[in-house]
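Undergrad: Enclosed is the structure file query-v8.cif (mmCIF, C-alpha atoms and all ligand atoms).
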```
data_model
loop_
_atom_site.label_atom_id
_atom_site.label_comp_id
_atom_site.auth_asym_id
_atom_site.auth_seq_id
_atom_site.Cartn_x
_atom_site.Cartn_y
_atom_site.Cartn_z
CA MET S 1 0.00 0.00 0.00
CA SER S 2 1.19 3.55 -0.76
CA SER S 3 3.41 4.90 1.99
CA ASP S 4 4.32 8.28 0.52
CA SER S 5 5.49 10.10 3.65
CA SER S 6 4.99 13.62 2.26
CA LEU S 7 1.35 12.77 1.69
CA MET S 8 0.94 11.53 5.22
CA THR S 9 2.39 14.68 6.78
CA ASP S 10 -0.10 16.69 4.75
CA TYR S 11 -2.88 14.84 6.49
CA PHE S 12 -1.55 14.63 10.04
CA SER S 13 0.40 16.85 12.39
CA PRO S 14 3.34 15.14 14.18
CA GLN S 15 1.08 14.88 17.24
CA GLU S 16 -1.39 12.80 15.20
CA SER S 17 1.04 10.04 14.29
CA HIS S 18 -1.31 7.46 15.87
CA LEU S 19 -3.72 8.15 12.98
CA ASN S 20 -1.06 7.75 10.33
CA HIS S 21 -1.93 4.48 8.64
CA PRO S 22 -2.04 3.82 4.84
CA LEU S 23 -5.66 2.63 5.05
CA PHE S 24 -6.78 5.87 6.71
CA VAL S 25 -4.64 7.97 4.32
CA ASN S 26 -6.34 6.19 1.42
CA ALA S 27 -9.78 6.85 2.88
CA LEU S 28 -8.93 10.54 3.35
CA GLN S 29 -7.64 10.81 -0.23
CA SER S 30 -10.89 9.44 -1.61
CA ILE S 31 -12.98 11.61 0.74
CA ASP S 32 -11.11 14.69 -0.56
CA GLU S 33 -11.60 13.66 -4.15
CA ALA S 34 -15.31 12.96 -3.69
CA ALA S 35 -15.77 16.24 -1.81
CA LYS S 36 -14.58 18.13 -4.90
CA LEU S 37 -17.14 16.35 -7.08
CA ILE S 38 -20.04 17.61 -4.95
CA ASN S 39 -18.53 20.97 -3.89
CA CYS S 40 -18.64 19.87 -0.27
CA ASP S 41 -18.72 22.65 2.34
CA PRO S 42 -15.12 22.90 3.71
CA ASN S 43 -16.42 22.97 7.31
CA ILE S 44 -18.26 19.70 6.73
CA LEU S 45 -15.24 18.20 4.97
CA GLY S 46 -12.96 19.03 7.91
CA ARG S 47 -15.31 17.22 10.27
CA LEU S 48 -15.57 14.18 7.97
CA LYS S 49 -11.79 13.77 8.04
CA ARG S 50 -11.46 13.11 11.76
CA PRO S 51 -13.15 10.53 14.03
CA LYS S 52 -15.60 11.81 16.62
CA ARG S 53 -14.24 9.55 19.35
CA GLY S 54 -11.51 6.92 19.73
CA ILE S 55 -11.32 4.56 22.69
CA THR S 56 -8.22 2.54 23.62
CA VAL S 57 -8.51 -0.15 26.28
CA SER S 58 -6.06 -2.49 28.01
CA ILE S 59 -7.45 -5.99 28.32
CA PRO S 60 -5.91 -8.26 30.98
CA VAL S 61 -6.59 -11.89 30.11
CA ARG S 62 -6.10 -15.08 32.12
CA MET S 63 -4.27 -17.44 29.74
CA ASP S 64 -4.49 -21.24 29.82
CA ASP S 65 -1.15 -21.49 31.66
CA TYR S 66 -2.67 -19.25 34.36
CA SER S 67 -0.47 -16.26 33.50
CA ILE S 68 -2.09 -12.89 32.77
CA LYS S 69 -1.40 -11.25 29.42
CA VAL S 70 -2.41 -7.66 28.69
CA PHE S 71 -3.78 -7.02 25.17
CA THR S 72 -4.63 -3.66 23.59
CA GLY S 73 -8.05 -3.06 22.05
CA TYR S 74 -9.74 -0.17 20.27
CA ARG S 75 -13.13 1.13 19.27
CA VAL S 76 -13.29 4.15 17.00
CA GLN S 77 -16.68 5.90 16.81
CA TYR S 78 -16.18 7.88 13.64
CA ASN S 79 -19.44 9.66 12.97
CA SER S 80 -23.00 9.48 14.34
CA THR S 81 -24.86 11.98 12.17
CA LEU S 82 -27.14 9.37 10.62
CA GLY S 83 -27.63 7.15 13.69
CA PRO S 84 -25.82 4.87 16.16
CA TYR S 85 -22.23 3.87 15.37
CA LYS S 86 -22.05 0.59 13.45
CA GLY S 87 -19.18 -1.61 12.33
CA GLY S 88 -17.25 -4.78 13.03
CA ILE S 89 -14.60 -5.94 15.48
CA ARG S 90 -11.32 -7.25 14.06
CA TYR S 91 -8.92 -9.67 15.79
CA HIS S 92 -5.57 -9.59 13.95
CA GLN S 93 -1.90 -9.16 14.82
CA ASP S 94 -1.64 -5.98 12.68
CA VAL S 95 -4.57 -4.12 14.28
CA CYS S 96 -3.58 -0.60 15.42
CA PHE S 97 -5.40 2.64 16.12
CA GLY S 98 -4.77 4.11 12.65
CA GLU S 99 -6.04 1.02 10.86
CA VAL S 100 -9.20 0.86 12.99
CA THR S 101 -9.78 4.57 12.32
CA GLY S 102 -9.48 4.05 8.55
CA LEU S 103 -11.89 1.10 8.73
CA ALA S 104 -14.31 3.18 10.86
CA ALA S 105 -14.21 5.98 8.25
CA LEU S 106 -15.05 3.40 5.55
CA MET S 107 -18.00 2.21 7.68
CA MET S 108 -19.32 5.78 7.87
CA ILE S 109 -19.10 6.03 4.08
CA LYS S 110 -20.57 2.54 3.55
CA ASN S 111 -23.54 3.00 5.89
CA SER S 112 -24.36 6.30 4.24
CA VAL S 113 -24.17 5.05 0.65
CA MET S 114 -26.28 2.00 1.58
CA GLY S 115 -28.97 4.35 2.91
CA LEU S 116 -28.82 2.88 6.45
CA PRO S 117 -29.71 4.85 9.62
CA TYR S 118 -26.22 4.38 11.06
CA GLY S 119 -23.01 6.26 11.69
CA GLY S 120 -19.67 4.52 11.33
CA GLY S 121 -17.48 2.69 13.81
CA LYS S 122 -14.93 -0.09 13.99
CA GLY S 123 -13.08 -1.94 16.71
CA GLY S 124 -10.28 -4.39 17.08
CA ILE S 125 -7.80 -6.13 19.31
CA THR S 126 -4.13 -6.59 18.43
CA CYS S 127 -3.81 -10.37 18.70
CA ASP S 128 -3.37 -13.45 16.55
CA PRO S 129 -6.64 -15.35 17.16
CA THR S 130 -5.21 -18.51 15.58
CA LYS S 131 -2.77 -18.72 18.50
CA LEU S 132 -5.44 -18.39 21.23
CA SER S 133 -7.43 -21.26 22.70
CA ARG S 134 -11.23 -21.04 22.79
CA THR S 135 -11.13 -20.19 26.50
CA GLU S 136 -8.51 -17.46 25.98
CA LYS S 137 -10.59 -15.97 23.13
CA GLN S 138 -13.66 -16.02 25.33
CA ASN S 139 -11.83 -14.31 28.23
CA LEU S 140 -10.40 -11.70 25.85
CA THR S 141 -13.78 -10.98 24.26
CA ARG S 142 -15.65 -10.71 27.56
CA ARG S 143 -13.15 -8.33 29.18
CA TYR S 144 -12.97 -6.18 26.01
CA THR S 145 -16.79 -5.95 25.97
CA SER S 146 -16.81 -5.03 29.64
CA GLU S 147 -14.21 -2.26 29.08
CA LEU S 148 -16.36 -0.88 26.23
CA GLY S 149 -19.56 -1.26 28.28
CA PRO S 150 -20.36 2.44 28.80
CA PHE S 151 -19.85 3.26 25.12
CA ILE S 152 -21.82 0.53 23.32
CA GLY S 153 -25.50 -0.51 23.31
CA PRO S 154 -28.43 -1.01 20.92
CA THR S 155 -29.03 2.74 20.60
CA LYS S 156 -25.37 3.83 20.87
CA ASP S 157 -22.91 1.60 19.04
CA ILE S 158 -23.59 -1.86 17.61
CA PRO S 159 -20.52 -4.05 16.88
CA ALA S 160 -20.47 -7.02 14.47
CA PRO S 161 -17.99 -9.61 13.18
CA ASP S 162 -15.01 -8.71 10.98
CA VAL S 163 -11.69 -10.43 10.17
CA GLY S 164 -10.83 -12.92 12.94
CA THR S 165 -14.20 -12.78 14.73
CA ASP S 166 -17.44 -14.71 14.15
CA SER S 167 -20.92 -15.44 15.49
CA GLN S 168 -19.49 -17.11 18.64
CA THR S 169 -17.51 -13.90 19.39
CA MET S 170 -20.77 -11.95 19.07
CA ALA S 171 -22.58 -14.41 21.36
CA TRP S 172 -19.97 -13.77 24.09
CA MET S 173 -20.23 -10.00 23.56
CA MET S 174 -24.03 -10.13 23.76
CA ASP S 175 -23.92 -12.28 26.90
CA THR S 176 -21.33 -10.09 28.68
CA TYR S 177 -23.23 -6.88 27.92
CA SER S 178 -26.52 -8.51 28.98
CA GLN S 179 -25.04 -9.87 32.24
CA GLU S 180 -23.62 -6.46 33.12
CA THR S 181 -26.86 -4.59 32.38
CA GLY S 182 -29.03 -7.24 34.02
CA PHE S 183 -31.25 -8.38 31.15
CA ALA S 184 -31.00 -9.90 27.65
CA GLN S 185 -29.98 -7.27 25.11
CA PRO S 186 -29.77 -8.98 21.71
CA GLY S 187 -29.64 -5.62 19.87
CA VAL S 188 -26.18 -4.72 21.24
CA VAL S 189 -24.36 -6.68 18.50
CA THR S 190 -25.25 -8.18 15.11
CA GLY S 191 -23.91 -11.29 13.44
CA LYS S 192 -25.08 -13.39 16.42
CA PRO S 193 -26.13 -17.04 16.15
CA VAL S 194 -29.80 -17.36 15.11
CA GLU S 195 -30.64 -19.07 18.44
CA ILE S 196 -30.01 -15.84 20.40
CA GLY S 197 -31.52 -13.24 18.07
CA GLY S 198 -29.30 -13.50 15.00
CA SER S 199 -30.76 -13.16 11.53
CA LEU S 200 -31.16 -15.84 8.91
CA GLY S 201 -28.82 -15.08 6.03
CA ARG S 202 -26.36 -12.96 8.07
CA ALA S 203 -23.45 -15.44 7.86
CA GLY S 204 -23.44 -15.47 4.05
CA ALA S 205 -24.67 -11.90 3.56
CA THR S 206 -21.40 -10.19 2.65
CA GLY S 207 -20.55 -12.89 0.08
CA LEU S 208 -24.09 -12.83 -1.33
CA GLY S 209 -23.91 -9.04 -1.61
CA VAL S 210 -20.62 -9.34 -3.54
CA VAL S 211 -22.37 -11.68 -5.99
CA PHE S 212 -25.49 -9.47 -6.37
CA VAL S 213 -23.20 -6.52 -7.11
CA ALA S 214 -21.06 -8.54 -9.55
CA GLU S 215 -24.22 -9.69 -11.37
CA ARG S 216 -25.33 -6.06 -11.74
CA ALA S 217 -21.87 -4.99 -12.90
CA PHE S 218 -21.79 -7.80 -15.50
CA GLU S 219 -25.24 -6.67 -16.70
CA ARG S 220 -23.93 -3.11 -17.12
CA VAL S 221 -21.10 -4.27 -19.37
CA GLY S 222 -23.44 -6.50 -21.38
CA LYS S 223 -22.23 -9.82 -19.92
CA SER S 224 -23.57 -12.49 -17.61
CA MET S 225 -22.21 -14.19 -14.52
CA LYS S 226 -23.10 -17.55 -16.05
CA GLY S 227 -19.92 -18.93 -17.63
CA ALA S 228 -17.77 -16.00 -16.43
CA THR S 229 -14.30 -16.85 -15.07
CA ILE S 230 -13.67 -15.60 -11.53
CA ALA S 231 -10.66 -15.61 -9.18
CA VAL S 232 -11.36 -15.24 -5.46
CA GLN S 233 -8.61 -14.08 -3.10
CA GLY S 234 -9.25 -15.14 0.51
CA PHE S 235 -11.45 -18.04 1.61
CA GLY S 236 -12.72 -16.76 4.95
CA ASN S 237 -16.38 -15.92 5.55
CA VAL S 238 -16.62 -13.43 2.65
CA GLY S 239 -14.52 -15.25 0.02
CA SER S 240 -15.98 -18.72 0.61
CA HIS S 241 -19.60 -17.48 0.44
CA ALA S 242 -18.92 -15.27 -2.60
CA ALA S 243 -17.27 -18.23 -4.39
CA LEU S 244 -20.15 -20.54 -3.47
CA TYR S 245 -22.95 -18.18 -4.59
CA ALA S 246 -21.12 -17.30 -7.84
CA HIS S 247 -20.56 -21.04 -8.49
CA GLU S 248 -24.28 -21.70 -7.89
CA ARG S 249 -25.07 -19.05 -10.52
CA GLY S 250 -22.96 -20.82 -13.14
CA ALA S 251 -19.69 -18.85 -12.86
CA LYS S 252 -16.42 -20.76 -13.27
CA ILE S 253 -14.29 -20.16 -10.15
CA VAL S 254 -10.84 -20.83 -11.60
CA ALA S 255 -8.73 -19.78 -8.61
CA VAL S 256 -9.10 -19.42 -4.84
CA SER S 257 -6.62 -18.74 -2.05
CA ASP S 258 -6.12 -18.72 1.70
CA VAL S 259 -3.15 -17.94 3.96
CA SER S 260 -1.43 -21.15 2.82
CA GLY S 261 -1.37 -20.09 -0.88
CA ALA S 262 -3.51 -20.16 -4.02
CA ILE S 263 -4.84 -22.92 -6.27
CA TYR S 264 -5.82 -22.79 -9.96
CA ASN S 265 -7.99 -24.97 -12.18
CA GLY S 266 -8.89 -23.61 -15.63
CA ASP S 267 -12.04 -25.80 -15.74
CA GLY S 268 -13.36 -24.21 -12.55
CA PHE S 269 -13.49 -25.65 -9.02
CA ASN S 270 -16.36 -27.55 -7.46
CA ILE S 271 -16.73 -24.99 -4.64
CA PRO S 272 -18.82 -27.12 -2.21
CA ASP S 273 -16.01 -29.70 -2.43
CA VAL S 274 -13.34 -27.03 -1.71
CA ILE S 275 -15.40 -25.89 1.31
CA ASP S 276 -15.60 -29.50 2.59
CA HIS S 277 -11.83 -29.86 2.11
CA ILE S 278 -11.18 -26.74 4.22
CA LYS S 279 -13.57 -27.98 6.92
CA GLU S 280 -11.59 -31.21 7.18
CA ASN S 281 -8.01 -29.96 6.62
CA LYS S 282 -8.19 -26.33 7.77
CA THR S 283 -6.19 -25.11 4.70
CA LEU S 284 -6.24 -25.37 0.89
CA ILE S 285 -2.65 -26.53 0.69
CA ASN S 286 -3.27 -30.20 -0.14
CA TYR S 287 -6.29 -29.72 -2.39
CA PRO S 288 -6.07 -32.26 -5.25
CA ARG S 289 -6.44 -31.89 -9.04
CA CYS S 290 -5.17 -28.33 -9.35
CA GLN S 291 -2.12 -26.21 -9.92
CA HIS S 292 -0.57 -24.41 -6.95
CA ILE S 293 0.17 -20.74 -7.67
CA THR S 294 1.20 -17.74 -5.60
CA ASN S 295 -1.13 -15.15 -4.23
CA GLU S 296 0.39 -12.58 -6.59
CA GLU S 297 -0.22 -14.90 -9.59
CA LEU S 298 -3.88 -15.25 -8.55
CA LEU S 299 -4.29 -11.48 -8.50
CA CYS S 300 -2.82 -11.18 -12.02
CA LEU S 301 -4.89 -13.93 -13.75
CA PRO S 302 -6.69 -13.03 -17.01
CA VAL S 303 -10.22 -13.53 -15.64
CA ASP S 304 -13.58 -11.86 -16.21
CA ALA S 305 -13.74 -10.87 -12.54
CA LEU S 306 -11.47 -10.82 -9.52
CA PHE S 307 -12.98 -10.79 -6.00
CA PRO S 308 -10.30 -9.69 -3.48
CA CYS S 309 -11.84 -10.89 -0.21
CA ALA S 310 -8.81 -10.96 2.13
CA LEU S 311 -7.16 -7.88 3.61
CA GLU S 312 -6.41 -4.28 2.62
CA GLY S 313 -3.56 -3.06 0.40
CA GLN S 314 -3.40 -6.05 -2.02
CA ILE S 315 -3.48 -4.12 -5.31
CA THR S 316 -1.33 -0.99 -5.22
CA GLU S 317 0.46 1.21 -7.75
CA LYS S 318 3.20 -1.48 -7.65
CA ASN S 319 1.14 -4.30 -9.19
CA ALA S 320 -1.88 -2.49 -10.75
CA ASP S 321 -0.22 -2.58 -14.20
CA LYS S 322 -0.04 -6.37 -14.10
CA ILE S 323 -3.74 -6.90 -13.32
CA GLN S 324 -5.49 -8.64 -16.22
CA ALA S 325 -8.97 -9.05 -14.72
CA LYS S 326 -11.69 -7.10 -16.56
CA MET S 327 -13.57 -6.33 -13.38
CA ILE S 328 -12.69 -6.18 -9.67
CA VAL S 329 -15.38 -6.49 -7.00
CA GLU S 330 -13.94 -5.63 -3.58
CA GLY S 331 -15.15 -8.16 -0.99
CA ALA S 332 -12.56 -7.00 1.58
CA ASN S 333 -12.22 -3.50 2.98
CA GLY S 334 -9.58 -1.46 1.10
CA PRO S 335 -7.94 -4.21 -1.04
CA VAL S 336 -7.31 -1.81 -3.95
CA THR S 337 -5.62 1.48 -3.06
CA ASN S 338 -6.80 4.79 -4.40
CA ASP S 339 -3.73 5.16 -6.65
CA ALA S 340 -4.23 1.65 -8.03
CA THR S 341 -7.92 2.40 -8.71
CA LYS S 342 -6.86 5.30 -10.95
CA ILE S 343 -4.39 3.12 -12.90
CA LEU S 344 -6.98 0.36 -13.32
CA HIS S 345 -9.75 2.77 -14.33
CA ALA S 346 -7.46 4.26 -17.01
CA LYS S 347 -6.82 0.70 -18.29
CA GLY S 348 -10.58 0.11 -18.53
CA VAL S 349 -10.84 -2.25 -15.52
CA PHE S 350 -14.20 -1.81 -13.81
CA VAL S 351 -13.50 -1.55 -10.05
CA VAL S 352 -16.61 -1.89 -7.85
CA PRO S 353 -15.53 -0.40 -4.51
CA ASP S 354 -15.80 -2.04 -1.09
CA ILE S 355 -18.26 0.53 0.24
CA ILE S 356 -20.84 -0.91 -2.19
CA ALA S 357 -19.51 -4.38 -3.00
CA ASN S 358 -19.14 -5.66 0.57
CA GLY S 359 -22.10 -3.72 1.99
CA GLY S 360 -24.23 -6.89 2.20
CA GLY S 361 -22.85 -7.67 5.66
CA VAL S 362 -23.91 -4.45 7.29
CA VAL S 363 -27.21 -4.36 5.40
CA VAL S 364 -28.22 -7.73 6.88
CA SER S 365 -26.78 -6.54 10.24
CA TYR S 366 -29.31 -3.73 9.96
CA PHE S 367 -32.08 -6.27 9.31
CA GLU S 368 -30.91 -8.25 12.36
CA TRP S 369 -31.00 -5.14 14.58
CA VAL S 370 -34.51 -4.23 13.32
CA GLN S 371 -35.73 -7.80 13.94
CA ASP S 372 -34.23 -7.75 17.47
CA ILE S 373 -35.97 -4.45 18.27
CA MET S 374 -39.31 -5.75 16.93
CA SER S 375 -38.77 -9.26 18.36
CA PHE S 376 -40.26 -10.41 15.08
CA PHE S 377 -38.16 -12.48 12.71
CA TRP S 378 -38.29 -12.71 8.92
CA ASP S 379 -37.72 -15.67 6.63
CA GLU S 380 -34.53 -15.99 4.58
CA ASP S 381 -36.18 -15.20 1.23
CA GLU S 382 -37.48 -11.91 2.58
CA ILE S 383 -34.00 -11.05 3.89
CA ASN S 384 -32.20 -11.92 0.66
CA ASN S 385 -34.76 -10.10 -1.51
CA ARG S 386 -34.51 -6.96 0.61
CA LEU S 387 -30.69 -7.19 0.53
CA LYS S 388 -30.73 -7.46 -3.27
CA SER S 389 -32.95 -4.44 -3.62
CA ILE S 390 -30.88 -2.22 -1.26
CA ILE S 391 -27.45 -3.18 -2.61
CA THR S 392 -28.53 -2.94 -6.25
CA LYS S 393 -29.99 0.51 -5.61
CA ALA S 394 -26.68 1.63 -4.05
CA PHE S 395 -24.77 0.20 -7.02
CA ASP S 396 -27.04 2.03 -9.49
CA LYS S 397 -26.65 5.35 -7.67
CA GLY S 398 -22.85 5.00 -7.74
CA TYR S 399 -22.90 3.92 -11.38
CA THR S 400 -25.09 6.84 -12.47
CA MET S 401 -22.85 9.30 -10.60
CA SER S 402 -19.74 7.77 -12.21
CA LYS S 403 -21.22 8.30 -15.68
CA GLU S 404 -22.46 11.81 -14.85
CA LYS S 405 -19.09 12.98 -13.49
CA ASN S 406 -16.98 10.72 -15.70
CA VAL S 407 -15.02 9.30 -12.75
CA ASP S 408 -14.26 5.84 -11.39
CA MET S 409 -16.92 4.13 -9.32
CA ARG S 410 -15.03 4.56 -6.00
CA ALA S 411 -14.97 8.35 -6.34
CA ALA S 412 -18.60 8.31 -7.48
CA ALA S 413 -19.87 6.12 -4.62
CA MET S 414 -17.91 8.23 -2.13
CA ALA S 415 -19.56 11.34 -3.58
CA VAL S 416 -23.06 9.84 -3.22
CA SER S 417 -22.24 8.97 0.39
CA ILE S 418 -20.72 12.32 1.34
CA ASP S 419 -23.61 14.16 -0.26
CA ARG S 420 -26.06 12.40 2.09
CA LEU S 421 -23.82 13.01 5.11
CA GLN S 422 -23.36 16.66 4.22
CA LYS S 423 -27.12 17.26 3.93
CA ALA S 424 -27.73 15.61 7.31
CA MET S 425 -24.86 17.46 9.00
CA LEU S 426 -26.05 20.82 7.71
CA LEU S 427 -29.59 20.09 8.95
CA ARG S 428 -28.35 19.08 12.41
CA GLY S 429 -25.91 22.00 12.63
CA LEU S 430 -22.97 22.33 15.01
CA TYR S 431 -23.38 22.06 18.77
CA PRO S 432 -22.72 24.52 20.38
CA ARG S 433 -22.83 27.00 17.55
N1 LIG Q 501 -17.37 -5.98 9.39
C1 LIG Q 501 -18.35 -5.86 8.35
C2 LIG Q 501 -17.97 -4.71 7.41
O1 LIG Q 501 -16.83 -4.35 7.31
C3 LIG Q 501 -19.76 -5.80 8.89
C4 LIG Q 501 -20.09 -4.62 9.77
C5 LIG Q 501 -21.45 -4.73 10.43
O2 LIG Q 501 -22.21 -5.61 10.11
O3 LIG Q 501 -21.71 -3.88 11.29
O4 LIG Q 501 -18.79 -4.20 6.70
#
```
Could you quickly redo this structure as structure tokens?
TA:
Amino acid sequence: MSSDSSLMTDYFSPQESHLNHPLFVNALQSIDEAAKLINCDPNILGRLKRPKRGITVSIPVRMDDYSIKVFTGYRVQYNSTLGPYKGGIRYHQDVCFGEVTGLAALMMIKNSVMGLPYGGGKGGITCDPTKLSRTEKQNLTRRYTSELGPFIGPTKDIPAPDVGTDSQTMAWMMDTYSQETGFAQPGVVTGKPVEIGGSLGRAGATGLGVVFVAERAFERVGKSMKGATIAVQGFGNVGSHAALYAHERGAKIVAVSDVSGAIYNGDGFNIPDVIDHIKENKTLINYPRCQHITNEELLCLPVDALFPCALEGQITEKNADKIQAKMIVEGANGPVTNDATKILHAKGVFVVPDIIANGGGVVVSYFEWVQDIMSFFWDEDEINNRLKSIITKAFDKGYTMSKEKNVDMRAAAMAVSIDRLQKAMLLRGLYPR
């Protein structure tokens, strides 16, 4: 990812070095660019470029060997103009305040462009969850939730899963918050198991959203998903569901990857079989009847569509020239940098940005929250149909703006989002004036 230091000093004073992370710099670059497209009020723009509140907590955890290890956790509450803060919780060894702030800014933009009644937030703990036992993860999650107790809640800030966390993590968060407040509060987090107030369809929602968006993008360029060749980077919750739903719609998934490496089969993989293999073996490494390639080779395959569904900063100005995919649909947050988006757009590659492409997760989180508040639950068809209608509408708004302003879809979607935020911020005004 771009690490141009002159650029970073433009954005942050030396006292703000904790915010200086490439992901946040990228978000700020695209916010600036979008602001120009809609002639954003400079006072509004200044406010959009800094988080409203950032919380850092120390989390002492009893480990299995009975020692106590102190972890660091964060929750950044970026903006609450449109409603309660909303966004996931990441467990990863690279989590830091600047990264969480960048991800929280993206959540603000995503929630706004999706038309949801939410502000943006994100949280995380610097840890490698693959090295923690189930008990250690539970202790870590419960103490983190307890430290955040005064700042979260169904009307304040509603966390959800992200990289390294899942429905079990959310169940522990919901239980801890409920125990501490004295009664069951399912609406405090989304992405919970269905048994305790989760929503049908939430687990696969981000991947399904990626596929709905890809179908719409194919339609726009006069093609169909049926028979299209697709490479999927990352086989976690987002990548595996996106691969499965695209496979079910007749696409040929010619390459997939996980942390152990990438595999290629020109005839297309039987995705349910790959999923079963991972369930049994934990990694893709020994998958039969395929060619083993590197992650970089996967990204550069000549395919109809590439779904980067792993981490940020995968396609930068360093490798953008080598990309041969005709379309990129961002399943992860921030996989293609702003500079790389420009290079790809100039080459005619259609990049559908994360803030639309992976919005399915938070859209179904919204449905889960609404169902929890109503204590009335919907069937899966209703959920998926509503998801399709919301995400397709967001795609169309971004697409129309990109044609109107003759810009790439990231800049256009950002502009749609900032326009909504600006209107709401002007109506609410500044307190105190
Ligand atoms: N972590 C997901 C995202 O980045 C989901 C957030 C949510 O559901 O609140 O969009």
Undergrad: S:Thr294: which residues within 9 Å, counting all atoms listed in the file, same-chain residues fewer than 5 positions away excluded, as a list in words?
TA: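 The residues satisfying every condition are Ser257, Gly261, Ala262, Ile263 and Leu299 of chain S.
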Undergrad: To check your reading of the model: which residues sit at most 8 Å from ligand LIG 501 (chain Q) when counting all atoms listed in the file? Write the answer as number ranges by chain.
TA: S: 86-90, 103, 107, 110, 122, 158-163, 190-191, 206, 332-333, 358-366
Undergrad: Have a look at S:Ile343, S:Val259, S:Met108, S:Leu244 and name the one nearest to S:Val274; count all atoms listed in the file.
TA: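 Checking each of S:Ile343, S:Val259, S:Met108, S:Leu244 against S:Val274, counting all atoms listed in the file, the winner is S:Leu244.
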Undergrad: From the options S:Asn270, S:Thr169, S:Ser375, S:Gln233, which residue's atoms come nearest to S:Leu306, counting all atoms listed in the file?
TA: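 Closest to S:Leu306, using all atoms listed in the file: S:Gln233.
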Undergrad: Restricting the calculation to all atoms listed in the file: of S:Asn338, S:Phe395, S:Ala228, S:Ala184, which residue gets closest to S:Gly268?
TA: S:Ala228
Undergrad: Nearest residue to S:Ser30 out of S:Asp339, S:Asp321, S:Glu404, S:Asp372, using only C-alpha atoms?
TA: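 The shortest atom-to-atom distance to S:Ser30 comes from S:Asp339.
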Undergrad: Mind pulling up the distance from atom CA of S:Ala394 to atom CA of S:Gly222?
TA: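 Value for the atom CA of S:Gly222-atom CA of S:Ala394 distance: 19.4 Å.
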Undergrad: What separation in Å, quoted to one decimal, exists between atom CA of S:Tyr78 and atom CA of S:Ile355?
TA: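 We find that atom CA of S:Tyr78 and atom CA of S:Ile355 lie 15.4 Å from each other.
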Undergrad: Can you pull out every residue within 12 Å of S:Tyr66, counting only C-alpha atoms, but drop anything in the same chain fewer than 4 positions away, and send it as a VMD selection string?
TA: chain S and resid 60 to 62 135 to 136
